[in-house]
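Engineer: Just start.pdb, nothing more (PDB, C-alpha atoms):
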```pdb
ATOM      1  CA  MET A 170     113.030  20.200  94.279  1.00  0.00           C
ATOM      2  CA  SER A 171     114.616  20.209  97.698  1.00  0.00           C
ATOM      3  CA  ILE A 172     113.029  18.472 100.663  1.00  0.00           C
ATOM      4  CA  ALA A 173     112.451  21.847 102.363  1.00  0.00           C
ATOM      5  CA  ALA A 174     110.669  23.200  99.272  1.00  0.00           C
ATOM      6  CA  ALA A 175     108.533  20.061  99.050  1.00  0.00           C
ATOM      7  CA  ILE A 176     107.581  20.321 102.723  1.00  0.00           C
ATOM      8  CA  GLY A 177     106.817  24.031 102.319  1.00  0.00           C
ATOM      9  CA  THR A 178     104.631  23.353  99.301  1.00  0.00           C
ATOM     10  CA  ALA A 179     102.793  20.551 101.109  1.00  0.00           C
ATOM     11  CA  LEU A 180     102.179  22.768 104.151  1.00  0.00           C
ATOM     12  CA  GLY A 181     100.968  25.607 101.961  1.00  0.00           C
ATOM     13  CA  LEU A 182      98.610  23.330 100.065  1.00  0.00           C
ATOM     14  CA  SER A 183      97.242  21.904 103.310  1.00  0.00           C
ATOM     15  CA  TYR A 184      95.832  25.378 104.061  1.00  0.00           C
ATOM     16  CA  ALA A 185      94.435  25.866 100.554  1.00  0.00           C
ATOM     17  CA  GLY A 186      91.005  24.578 101.548  1.00  0.00           C
ATOM     18  CA  GLU A 187      90.750  27.103 104.383  1.00  0.00           C
ATOM     19  CA  TRP A 188      91.961  29.911 102.145  1.00  0.00           C
ATOM     20  CA  LEU A 189      89.476  29.059  99.398  1.00  0.00           C
ATOM     21  CA  SER A 190      86.513  28.571 101.727  1.00  0.00           C
ATOM     22  CA  ALA A 191      86.598  31.785 103.789  1.00  0.00           C
ATOM     23  CA  ALA A 192      82.873  32.586 103.894  1.00  0.00           C
ATOM     24  CA  ASP A 193      81.072  35.826 104.623  1.00  0.00           C
ATOM     25  CA  GLN A 194      78.338  36.145 107.231  1.00  0.00           C
ATOM     26  CA  PRO A 195      74.908  36.367 105.628  1.00  0.00           C
ATOM     27  CA  GLN A 196      72.921  39.533 106.201  1.00  0.00           C
ATOM     28  CA  LYS A 197      69.752  41.115 104.828  1.00  0.00           C
ATOM     29  CA  ALA A 198      70.124  41.606 101.094  1.00  0.00           C
ATOM     30  CA  ASP A 199      68.240  42.721  98.020  1.00  0.00           C
ATOM     31  CA  ALA A 200      68.619  39.304  96.416  1.00  0.00           C
ATOM     32  CA  ILE A 201      70.172  35.871  96.604  1.00  0.00           C
ATOM     33  CA  VAL A 202      72.139  34.698  93.558  1.00  0.00           C
ATOM     34  CA  VAL A 203      72.585  30.939  93.118  1.00  0.00           C
ATOM     35  CA  LEU A 204      75.606  30.196  90.960  1.00  0.00           C
ATOM     36  CA  GLY A 205      75.582  27.291  88.543  1.00  0.00           C
ATOM     37  CA  GLY A 206      77.626  24.173  89.001  1.00  0.00           C
ATOM     38  CA  GLY A 207      76.154  22.396  91.986  1.00  0.00           C
ATOM     39  CA  TYR A 208      72.813  21.087  93.167  1.00  0.00           C
ATOM     40  CA  ALA A 209      73.676  21.630  96.852  1.00  0.00           C
ATOM     41  CA  ARG A 210      73.629  25.402  96.296  1.00  0.00           C
ATOM     42  CA  PRO A 211      69.854  25.907  96.008  1.00  0.00           C
ATOM     43  CA  PHE A 212      69.316  24.112  99.327  1.00  0.00           C
ATOM     44  CA  GLN A 213      71.404  26.804 101.036  1.00  0.00           C
ATOM     45  CA  ALA A 214      69.655  29.556  99.068  1.00  0.00           C
ATOM     46  CA  ALA A 215      66.281  28.250 100.218  1.00  0.00           C
ATOM     47  CA  ASP A 216      67.488  28.303 103.837  1.00  0.00           C
ATOM     48  CA  LEU A 217      68.592  31.929 103.450  1.00  0.00           C
ATOM     49  CA  TYR A 218      65.261  32.820 101.850  1.00  0.00           C
ATOM     50  CA  ARG A 219      63.277  31.160 104.661  1.00  0.00           C
ATOM     51  CA  GLN A 220      65.371  33.104 107.186  1.00  0.00           C
ATOM     52  CA  GLY A 221      64.006  36.260 105.573  1.00  0.00           C
ATOM     53  CA  LEU A 222      67.369  37.499 104.309  1.00  0.00           C
ATOM     54  CA  ALA A 223      66.071  38.361 100.818  1.00  0.00           C
ATOM     55  CA  ARG A 224      62.782  38.332  98.929  1.00  0.00           C
ATOM     56  CA  LYS A 225      64.143  37.337  95.516  1.00  0.00           C
ATOM     57  CA  ILE A 226      66.373  34.494  94.301  1.00  0.00           C
ATOM     58  CA  TYR A 227      68.144  34.642  90.957  1.00  0.00           C
ATOM     59  CA  VAL A 228      69.198  31.282  89.531  1.00  0.00           C
ATOM     60  CA  SER A 229      72.091  31.156  87.084  1.00  0.00           C
ATOM     61  CA  ALA A 230      71.167  29.668  83.711  1.00  0.00           C
ATOM     62  CA  PRO A 231      74.387  27.940  82.592  1.00  0.00           C
ATOM     63  CA  ALA A 232      75.183  26.787  79.085  1.00  0.00           C
ATOM     64  CA  ARG A 233      74.442  23.149  78.342  1.00  0.00           C
ATOM     65  CA  GLU A 234      77.415  20.829  78.584  1.00  0.00           C
ATOM     66  CA  ASP A 235      78.363  18.980  75.414  1.00  0.00           C
ATOM     67  CA  GLN A 236      77.112  15.664  76.779  1.00  0.00           C
ATOM     68  CA  HIS A 237      73.684  17.178  77.513  1.00  0.00           C
ATOM     69  CA  ARG A 238      73.485  18.779  74.064  1.00  0.00           C
ATOM     70  CA  LEU A 239      74.052  15.314  72.579  1.00  0.00           C
ATOM     71  CA  LEU A 240      71.076  14.060  74.555  1.00  0.00           C
ATOM     72  CA  ASP A 241      69.007  17.053  73.375  1.00  0.00           C
ATOM     73  CA  GLU A 242      69.923  16.292  69.758  1.00  0.00           C
ATOM     74  CA  ALA A 243      68.945  12.642  70.247  1.00  0.00           C
ATOM     75  CA  GLY A 244      65.564  13.689  71.645  1.00  0.00           C
ATOM     76  CA  ILE A 245      66.359  12.315  75.121  1.00  0.00           C
ATOM     77  CA  ALA A 246      64.927  14.479  77.866  1.00  0.00           C
ATOM     78  CA  PHE A 247      67.456  15.674  80.409  1.00  0.00           C
ATOM     79  CA  PRO A 248      66.502  18.711  82.488  1.00  0.00           C
ATOM     80  CA  ARG A 249      68.452  21.918  82.333  1.00  0.00           C
ATOM     81  CA  GLU A 250      70.427  22.711  85.477  1.00  0.00           C
ATOM     82  CA  GLU A 251      68.452  25.880  86.212  1.00  0.00           C
ATOM     83  CA  GLU A 252      65.180  23.932  86.018  1.00  0.00           C
ATOM     84  CA  VAL A 253      66.441  21.419  88.588  1.00  0.00           C
ATOM     85  CA  VAL A 254      67.606  24.276  90.830  1.00  0.00           C
ATOM     86  CA  ARG A 255      64.176  25.910  90.517  1.00  0.00           C
ATOM     87  CA  GLN A 256      62.490  22.629  91.484  1.00  0.00           C
ATOM     88  CA  VAL A 257      64.719  22.335  94.578  1.00  0.00           C
ATOM     89  CA  LEU A 258      63.816  25.886  95.612  1.00  0.00           C
ATOM     90  CA  LEU A 259      60.101  25.200  95.133  1.00  0.00           C
ATOM     91  CA  LYS A 260      60.294  21.945  97.124  1.00  0.00           C
ATOM     92  CA  LYS A 261      62.127  23.790  99.922  1.00  0.00           C
ATOM     93  CA  GLY A 262      59.350  26.375 100.285  1.00  0.00           C
ATOM     94  CA  VAL A 263      60.427  29.240  98.039  1.00  0.00           C
ATOM     95  CA  PRO A 264      57.403  30.575  96.121  1.00  0.00           C
ATOM     96  CA  ALA A 265      57.604  30.635  92.327  1.00  0.00           C
ATOM     97  CA  SER A 266      57.082  34.407  92.370  1.00  0.00           C
ATOM     98  CA  ALA A 267      60.401  34.811  94.229  1.00  0.00           C
ATOM     99  CA  ILE A 268      62.480  32.877  91.653  1.00  0.00           C
ATOM    100  CA  GLU A 269      63.932  34.334  88.458  1.00  0.00           C
ATOM    101  CA  TYR A 270      66.625  33.180  86.080  1.00  0.00           C
ATOM    102  CA  LEU A 271      69.907  35.058  85.773  1.00  0.00           C
ATOM    103  CA  GLY A 272      71.286  35.311  82.254  1.00  0.00           C
ATOM    104  CA  LYS A 273      71.207  32.590  79.646  1.00  0.00           C
ATOM    105  CA  ASP A 274      73.817  30.062  78.535  1.00  0.00           C
ATOM    106  CA  LEU A 275      76.383  31.414  81.010  1.00  0.00           C
ATOM    107  CA  ILE A 276      79.758  29.687  80.658  1.00  0.00           C
ATOM    108  CA  SER A 277      81.656  30.859  83.730  1.00  0.00           C
ATOM    109  CA  THR A 278      81.617  32.660  87.053  1.00  0.00           C
ATOM    110  CA  ALA A 279      82.759  35.780  85.180  1.00  0.00           C
ATOM    111  CA  ALA A 280      79.743  35.476  82.856  1.00  0.00           C
ATOM    112  CA  GLU A 281      77.467  35.086  85.889  1.00  0.00           C
ATOM    113  CA  ALA A 282      78.982  38.212  87.457  1.00  0.00           C
ATOM    114  CA  ARG A 283      78.489  40.168  84.210  1.00  0.00           C
ATOM    115  CA  ALA A 284      74.856  39.016  84.062  1.00  0.00           C
ATOM    116  CA  ALA A 285      74.372  40.217  87.652  1.00  0.00           C
ATOM    117  CA  ARG A 286      76.029  43.531  86.760  1.00  0.00           C
ATOM    118  CA  ASP A 287      73.603  43.942  83.835  1.00  0.00           C
ATOM    119  CA  LEU A 288      70.632  43.033  86.023  1.00  0.00           C
ATOM    120  CA  PHE A 289      71.603  45.386  88.848  1.00  0.00           C
ATOM    121  CA  ALA A 290      72.981  48.209  86.680  1.00  0.00           C
ATOM    122  CA  GLN A 291      71.030  50.766  88.669  1.00  0.00           C
ATOM    123  CA  GLY A 292      72.485  51.351  92.116  1.00  0.00           C
ATOM    124  CA  ALA A 293      74.530  49.353  94.559  1.00  0.00           C
ATOM    125  CA  PRO A 294      72.725  46.116  95.428  1.00  0.00           C
ATOM    126  CA  ARG A 295      73.292  43.976  98.489  1.00  0.00           C
ATOM    127  CA  LEU A 296      73.699  40.415  97.223  1.00  0.00           C
ATOM    128  CA  LEU A 297      74.097  37.018  98.847  1.00  0.00           C
ATOM    129  CA  VAL A 298      75.968  34.888  96.320  1.00  0.00           C
ATOM    130  CA  VAL A 299      75.596  31.171  97.080  1.00  0.00           C
ATOM    131  CA  THR A 300      78.198  28.709  95.872  1.00  0.00           C
ATOM    132  CA  SER A 301      80.315  25.761  96.992  1.00  0.00           C
ATOM    133  CA  PRO A 302      82.954  26.192  99.718  1.00  0.00           C
ATOM    134  CA  TYR A 303      85.933  25.670  97.386  1.00  0.00           C
ATOM    135  CA  HIS A 304      84.566  28.350  95.005  1.00  0.00           C
ATOM    136  CA  LEU A 305      84.061  31.192  97.520  1.00  0.00           C
ATOM    137  CA  ARG A 306      87.285  33.115  96.998  1.00  0.00           C
ATOM    138  CA  ARG A 307      87.071  33.272  93.198  1.00  0.00           C
ATOM    139  CA  ALA A 308      83.349  34.036  93.282  1.00  0.00           C
ATOM    140  CA  ARG A 309      84.034  36.939  95.663  1.00  0.00           C
ATOM    141  CA  MET A 310      86.845  38.263  93.436  1.00  0.00           C
ATOM    142  CA  THR A 311      84.787  37.967  90.284  1.00  0.00           C
ATOM    143  CA  PHE A 312      81.597  39.534  91.639  1.00  0.00           C
ATOM    144  CA  SER A 313      83.501  42.320  93.416  1.00  0.00           C
ATOM    145  CA  ASP A 314      85.311  43.157  90.181  1.00  0.00           C
ATOM    146  CA  ALA A 315      82.087  43.160  88.130  1.00  0.00           C
ATOM    147  CA  LEU A 316      79.977  45.051  90.704  1.00  0.00           C
ATOM    148  CA  PRO A 317      82.414  47.292  92.608  1.00  0.00           C
ATOM    149  CA  ALA A 318      79.645  49.395  94.216  1.00  0.00           C
ATOM    150  CA  ALA A 319      77.689  46.366  95.423  1.00  0.00           C
ATOM    151  CA  ASP A 320      77.774  44.799  98.880  1.00  0.00           C
ATOM    152  CA  ILE A 321      78.635  41.198  97.964  1.00  0.00           C
ATOM    153  CA  ARG A 322      78.429  38.468 100.593  1.00  0.00           C
ATOM    154  CA  VAL A 323      79.577  35.087  99.332  1.00  0.00           C
ATOM    155  CA  ILE A 324      77.935  32.240 101.212  1.00  0.00           C
ATOM    156  CA  ALA A 325      79.035  28.603 101.179  1.00  0.00           C
ATOM    157  CA  THR A 326      76.464  25.902 100.962  1.00  0.00           C
ATOM    158  CA  GLY A 327      76.512  23.756 104.075  1.00  0.00           C
ATOM    159  CA  TYR A 328      75.092  20.871 102.050  1.00  0.00           C
ATOM    160  CA  ASP A 329      78.396  20.209 100.261  1.00  0.00           C
ATOM    161  CA  PRO A 330      81.109  20.676 102.889  1.00  0.00           C
ATOM    162  CA  LEU A 331      84.778  20.871 102.058  1.00  0.00           C
ATOM    163  CA  PRO A 332      86.666  18.439 104.306  1.00  0.00           C
ATOM    164  CA  GLN A 333      89.509  19.979 106.291  1.00  0.00           C
ATOM    165  CA  ALA A 334      91.776  17.186 105.033  1.00  0.00           C
ATOM    166  CA  TRP A 335      90.603  17.833 101.462  1.00  0.00           C
ATOM    167  CA  TRP A 336      93.583  15.988  99.945  1.00  0.00           C
ATOM    168  CA  LYS A 337      92.198  12.689 101.319  1.00  0.00           C
ATOM    169  CA  ASP A 338      88.932  13.001  99.367  1.00  0.00           C
ATOM    170  CA  GLN A 339      89.085  12.542  95.582  1.00  0.00           C
ATOM    171  CA  SER A 340      86.274  14.964  94.761  1.00  0.00           C
ATOM    172  CA  ALA A 341      87.495  17.626  97.193  1.00  0.00           C
ATOM    173  CA  ALA A 342      91.097  17.302  95.959  1.00  0.00           C
ATOM    174  CA  ARG A 343      89.991  17.709  92.349  1.00  0.00           C
ATOM    175  CA  ASN A 344      87.871  20.767  93.240  1.00  0.00           C
ATOM    176  CA  VAL A 345      90.571  22.479  95.320  1.00  0.00           C
ATOM    177  CA  LEU A 346      93.351  21.934  92.763  1.00  0.00           C
ATOM    178  CA  LEU A 347      91.138  23.039  89.864  1.00  0.00           C
ATOM    179  CA  GLU A 348      90.038  26.101  91.817  1.00  0.00           C
ATOM    180  CA  LEU A 349      93.634  27.123  92.517  1.00  0.00           C
ATOM    181  CA  ALA A 350      94.343  26.884  88.775  1.00  0.00           C
ATOM    182  CA  LYS A 351      91.169  28.845  87.949  1.00  0.00           C
ATOM    183  CA  ILE A 352      92.117  31.623  90.363  1.00  0.00           C
ATOM    184  CA  THR A 353      95.555  31.842  88.776  1.00  0.00           C
ATOM    185  CA  PHE A 354      93.967  32.001  85.314  1.00  0.00           C
ATOM    186  CA  TYR A 355      91.495  34.671  86.500  1.00  0.00           C
ATOM    187  CA  LYS A 356      94.268  36.782  88.041  1.00  0.00           C
ATOM    188  CA  LEU A 357      96.196  36.581  84.766  1.00  0.00           C
ATOM    189  CA  CYS A 358      93.134  38.201  83.092  1.00  0.00           C
ATOM    190  CA  GLY A 359      91.710  34.950  81.793  1.00  0.00           C
ATOM    191  CA  ARG A 360      87.973  35.489  81.757  1.00  0.00           C
ATOM    192  CA  PHE A 361      85.385  33.691  79.669  1.00  0.00           C
TER     193      PHE A 361
END
```
Mind turning the file's structure into structure tokens?
Structural biologist:
Amino acid sequence: MSIAAAIGTALGLSYAGEWLSAADQPQKADAIVVLGGGYARPFQAADLYRQGLARKIYVSAPAREDQHRLLDEAGIAFPREEEVVRQVLLKKGVPASAIEYLGKDLISTAAEARAARDLFAQGAPRLLVVTSPYHLRRARMTFSDALPAADIRVIATGYDPLPQAWWKDQSAARNVLLELAKITFYKLCGRF
């Protein structure tokens, strides 16, 4: 690789965090959807709920990871992700009557989007989809593809910020690089 190509690649990657994390402005919606994969997400969803932007929150019910299934099989209690998310919402002032689970054993963002499509099959819902900053672009693509008539606003949690210099933070670097690969896979019709 030439020096110019290496510099170009480095410059392009330096903007990857900004490109991935382009958030929508929240607005009144029919529901808030909290995607699986991060415990910072329900904190943001609770904030949106308390602002009066929606009256219902749907919490993704992801599939158990292999390590958690091993604990289940050994009889060791380890809460399901959606139960922890529900507890966060309750602690942050969201009433139990406003919380419902979305799907069951969902394995991907595409599965979450399909579950939302099934749930909102009638009409064109206005949804606030809450996720992590590095996941915004793919979540928007996936939900827009699954619910083309819906008004989808993808909102980043402010409780798990993506550093501007993401390449200097191990967790952020891993998330950004994985997300770029996942977007490529998604665009090549790879959907689980």
Engineer: Can you tell me, as a list in words, what residues are no more than 8 Å from segment 205-208 of chain A when counting only C-alpha atoms, ignoring any on the same chain fewer than 3 positions away?
Structural biologist: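 These residues fall inside the cut-off: Pro211, Phe212, Val228, Ser229, Ala230, Pro231, Glu250, Glu251, Val253, Val254, Thr300 and Ser301 of chain A.
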Engineer: Rounded to one decimal place, report the atom CA of Leu316 of chain A-atom CA of Arg286 of chain A distance in Å.
Structural biologist: 5.8 Å
Engineer: Find the spatial neighbours of segment 181-185 of chain A, counting all atoms listed in the file, within a cut-off of 9 Å - ignore same-chain residues fewer than 5 positions away - and output them as a VMD selection string.
Structural biologist: chain A and resid 176 190 333 to 336 345 to 346 349
Engineer: Based on the selection just made, write C-alpha atoms of those residues as a PDB file, in the frame of the given file.
Structural biologist:
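Done, and the output landed in selection-v7.pdb:
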```pdb
ATOM      1  CA  ILE A 176     107.581  20.321 102.723  1.00  0.00           C
ATOM      2  CA  SER A 190      86.513  28.571 101.727  1.00  0.00           C
ATOM      3  CA  GLN A 333      89.509  19.979 106.291  1.00  0.00           C
ATOM      4  CA  ALA A 334      91.776  17.186 105.033  1.00  0.00           C
ATOM      5  CA  TRP A 335      90.603  17.833 101.462  1.00  0.00           C
ATOM      6  CA  TRP A 336      93.583  15.988  99.945  1.00  0.00           C
ATOM      7  CA  VAL A 345      90.571  22.479  95.320  1.00  0.00           C
ATOM      8  CA  LEU A 346      93.351  21.934  92.763  1.00  0.00           C
ATOM      9  CA  LEU A 349      93.634  27.123  92.517  1.00  0.00           C
TER      10      LEU A 349
END
```
Engineer: Hey, what's within 10 Å of Arg295 of chain A if we count only C-alpha atoms and toss same-chain stuff fewer than 6 positions away? As a list of chain:residue names, please?
Structural biologist: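 The neighbour list is A:Gln196, A:Lys197, A:Ala198, A:Asp199, A:Ala200, A:Ile201, A:Ala223, A:Phe289, A:Ala318, A:Ala319, A:Asp320, A:Ile321, A:Arg322.
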Engineer: Dump C-alpha atoms for the selected residues as a CSV table (one decimal), in the frame of the given file?
Structural biologist:
```csv
chain,number,residue,atom,x,y,z
A,196,GLN,CA,72.9,39.5,106.2
A,197,LYS,CA,69.8,41.1,104.8
A,198,ALA,CA,70.1,41.6,101.1
A,199,ASP,CA,68.2,42.7,98.0
A,200,ALA,CA,68.6,39.3,96.4
A,201,ILE,CA,70.2,35.9,96.6
A,223,ALA,CA,66.1,38.4,100.8
A,289,PHE,CA,71.6,45.4,88.8
A,318,ALA,CA,79.6,49.4,94.2
A,319,ALA,CA,77.7,46.4,95.4
A,320,ASP,CA,77.8,44.8,98.9
A,321,ILE,CA,78.6,41.2,98.0
A,322,ARG,CA,78.4,38.5,100.6
```
Engineer: Please evaluate the PyMOL selection byres ((chain A and resi 313) around 12) against the structure above and give the resulting residues as a PyMOL selection string.
Structural biologist: chain A and resi 278-279+282-283+285-286+293-296+298+305-312+314-323
Engineer: Atom CA of Arg249 of chain A and atom CA of Asp235 of chain A, how far apart in Å?
Structural biologist: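 Distance reported for this atom pair: 12.4 Å.
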Engineer: When distances are computed from only C-alpha atoms, which of A:Ile226, A:Leu189, A:Ala209, A:Leu259 shows the smallest separation from Tyr328 of chain A?
Structural biologist: A:Ala209
Engineer: Kindly resolve the PyMOL selection byres ((chain A and resi 194) around 10) on the present coordinates and return the residues as a tab-separated table (two decimals) with C-alpha atoms, keeping the file's coordinate frame.
Structural biologist:
```tsv
chain	number	residue	atom	x	y	z
A	191	ALA	CA	86.60	31.78	103.79
A	192	ALA	CA	82.87	32.59	103.89
A	193	ASP	CA	81.07	35.83	104.62
A	195	PRO	CA	74.91	36.37	105.63
A	196	GLN	CA	72.92	39.53	106.20
A	297	LEU	CA	74.10	37.02	98.85
A	322	ARG	CA	78.43	38.47	100.59
A	323	VAL	CA	79.58	35.09	99.33
A	324	ILE	CA	77.94	32.24	101.21
A	325	ALA	CA	79.04	28.60	101.18
```
Engineer: Hey, could you pull the box centre and edge lengths for segment 306-312 of chain A, axis-aligned, 4 Å padding per side, all listed atoms, to one decimal in Å, as JSON?
Structural biologist:
```
{"center_x": 84.4, "center_y": 36.3, "center_z": 93.6, "size_x": 13.7, "size_y": 14.4, "size_z": 14.7}
```
Engineer: Tell me, in Å to one decimal, how far atom CA of Ala284 of chain A is from atom CA of Val263 of chain A.
Structural biologist: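 About the pair atom CA of Ala284 of chain A and atom CA of Val263 of chain A: they are 22.3 Å apart.
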Engineer: My list of candidates is A:Arg233, A:Ile352, A:Trp188, A:Glu281. Which is closest to Leu331 of chain A when distances are computed with only C-alpha atoms?
Structural biologist: A:Trp188
Engineer: Measuring between all atoms listed in the file, which one of A:Leu288, A:Leu240, A:Cys358, A:Leu258 shows the shortest distance to Asp216 of chain A?
Structural biologist: A:Leu258
Engineer: Just checking: using only C-alpha atoms, which residue out of A:Asp274, A:Ala214, A:Gln236, A:Lys260 ends up closest to Val202 of chain A?
Structural biologist: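 Closest to Val202 of chain A, using only C-alpha atoms: A:Ala214.
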Engineer: Any chance you could model all heavy atoms for segment 311-320 of chain A and send them as a PDB file, in the coordinates of the input?
Structural biologist:
```pdb
ATOM      1  N   THR A 311      85.454  37.734  91.557  1.00  0.00           N
ATOM      2  CA  THR A 311      84.787  37.967  90.284  1.00  0.00           C
ATOM      3  C   THR A 311      83.605  38.916  90.437  1.00  0.00           C
ATOM      4  O   THR A 311      83.446  39.866  89.659  1.00  0.00           O
ATOM      5  CB  THR A 311      84.331  36.628  89.677  1.00  0.00           C
ATOM      6  OG1 THR A 311      85.441  35.733  89.644  1.00  0.00           O
ATOM      7  CG2 THR A 311      83.795  36.797  88.279  1.00  0.00           C
ATOM      8  N   PHE A 312      82.764  38.672  91.441  1.00  0.00           N
ATOM      9  CA  PHE A 312      81.597  39.534  91.639  1.00  0.00           C
ATOM     10  C   PHE A 312      82.008  40.924  92.124  1.00  0.00           C
ATOM     11  O   PHE A 312      81.412  41.923  91.718  1.00  0.00           O
ATOM     12  CB  PHE A 312      80.588  38.877  92.586  1.00  0.00           C
ATOM     13  CG  PHE A 312      79.620  37.989  91.862  1.00  0.00           C
ATOM     14  CD1 PHE A 312      80.008  36.735  91.417  1.00  0.00           C
ATOM     15  CD2 PHE A 312      78.336  38.413  91.590  1.00  0.00           C
ATOM     16  CE1 PHE A 312      79.136  35.925  90.728  1.00  0.00           C
ATOM     17  CE2 PHE A 312      77.446  37.610  90.893  1.00  0.00           C
ATOM     18  CZ  PHE A 312      77.849  36.365  90.459  1.00  0.00           C
ATOM     19  N   SER A 313      83.022  41.006  92.961  1.00  0.00           N
ATOM     20  CA  SER A 313      83.501  42.320  93.416  1.00  0.00           C
ATOM     21  C   SER A 313      84.082  43.127  92.262  1.00  0.00           C
ATOM     22  O   SER A 313      83.892  44.344  92.196  1.00  0.00           O
ATOM     23  CB  SER A 313      84.539  42.151  94.523  1.00  0.00           C
ATOM     24  OG  SER A 313      83.942  41.571  95.659  1.00  0.00           O
ATOM     25  N   ASP A 314      84.775  42.464  91.347  1.00  0.00           N
ATOM     26  CA  ASP A 314      85.311  43.157  90.181  1.00  0.00           C
ATOM     27  C   ASP A 314      84.192  43.641  89.254  1.00  0.00           C
ATOM     28  O   ASP A 314      84.265  44.740  88.707  1.00  0.00           O
ATOM     29  CB  ASP A 314      86.267  42.253  89.387  1.00  0.00           C
ATOM     30  CG  ASP A 314      87.593  42.020  90.093  1.00  0.00           C
ATOM     31  OD1 ASP A 314      87.901  42.721  91.086  1.00  0.00           O
ATOM     32  OD2 ASP A 314      88.334  41.111  89.647  1.00  0.00           O
ATOM     33  N   ALA A 315      83.174  42.815  89.059  1.00  0.00           N
ATOM     34  CA  ALA A 315      82.087  43.160  88.130  1.00  0.00           C
ATOM     35  C   ALA A 315      81.118  44.182  88.718  1.00  0.00           C
ATOM     36  O   ALA A 315      80.543  44.984  87.980  1.00  0.00           O
ATOM     37  CB  ALA A 315      81.325  41.897  87.730  1.00  0.00           C
ATOM     38  N   LEU A 316      80.925  44.147  90.039  1.00  0.00           N
ATOM     39  CA  LEU A 316      79.977  45.051  90.704  1.00  0.00           C
ATOM     40  C   LEU A 316      80.686  45.773  91.854  1.00  0.00           C
ATOM     41  O   LEU A 316      80.406  45.507  93.030  1.00  0.00           O
ATOM     42  CB  LEU A 316      78.781  44.262  91.249  1.00  0.00           C
ATOM     43  CG  LEU A 316      77.888  43.600  90.211  1.00  0.00           C
ATOM     44  CD1 LEU A 316      78.033  42.098  90.266  1.00  0.00           C
ATOM     45  CD2 LEU A 316      76.460  43.997  90.460  1.00  0.00           C
ATOM     46  N   PRO A 317      81.601  46.684  91.548  1.00  0.00           N
ATOM     47  CA  PRO A 317      82.414  47.292  92.608  1.00  0.00           C
ATOM     48  C   PRO A 317      81.612  48.093  93.637  1.00  0.00           C
ATOM     49  O   PRO A 317      82.050  48.223  94.777  1.00  0.00           O
ATOM     50  CB  PRO A 317      83.399  48.179  91.844  1.00  0.00           C
ATOM     51  CG  PRO A 317      82.817  48.365  90.492  1.00  0.00           C
ATOM     52  CD  PRO A 317      81.948  47.176  90.221  1.00  0.00           C
ATOM     53  N   ALA A 318      80.447  48.605  93.273  1.00  0.00           N
ATOM     54  CA  ALA A 318      79.645  49.395  94.216  1.00  0.00           C
ATOM     55  C   ALA A 318      78.717  48.527  95.061  1.00  0.00           C
ATOM     56  O   ALA A 318      78.110  49.012  96.013  1.00  0.00           O
ATOM     57  CB  ALA A 318      78.833  50.442  93.459  1.00  0.00           C
ATOM     58  N   ALA A 319      78.617  47.258  94.730  1.00  0.00           N
ATOM     59  CA  ALA A 319      77.689  46.366  95.423  1.00  0.00           C
ATOM     60  C   ALA A 319      78.273  45.858  96.732  1.00  0.00           C
ATOM     61  O   ALA A 319      79.492  45.802  96.904  1.00  0.00           O
ATOM     62  CB  ALA A 319      77.332  45.181  94.531  1.00  0.00           C
ATOM     63  N   ASP A 320      77.379  45.486  97.645  1.00  0.00           N
ATOM     64  CA  ASP A 320      77.774  44.799  98.880  1.00  0.00           C
ATOM     65  C   ASP A 320      77.583  43.309  98.603  1.00  0.00           C
ATOM     66  O   ASP A 320      76.458  42.817  98.592  1.00  0.00           O
ATOM     67  CB  ASP A 320      76.907  45.261 100.047  1.00  0.00           C
ATOM     68  CG  ASP A 320      77.268  44.580 101.367  1.00  0.00           C
ATOM     69  OD1 ASP A 320      78.199  43.745 101.395  1.00  0.00           O
ATOM     70  OD2 ASP A 320      76.600  44.876 102.371  1.00  0.00           O
TER      71      ASP A 320
END
```
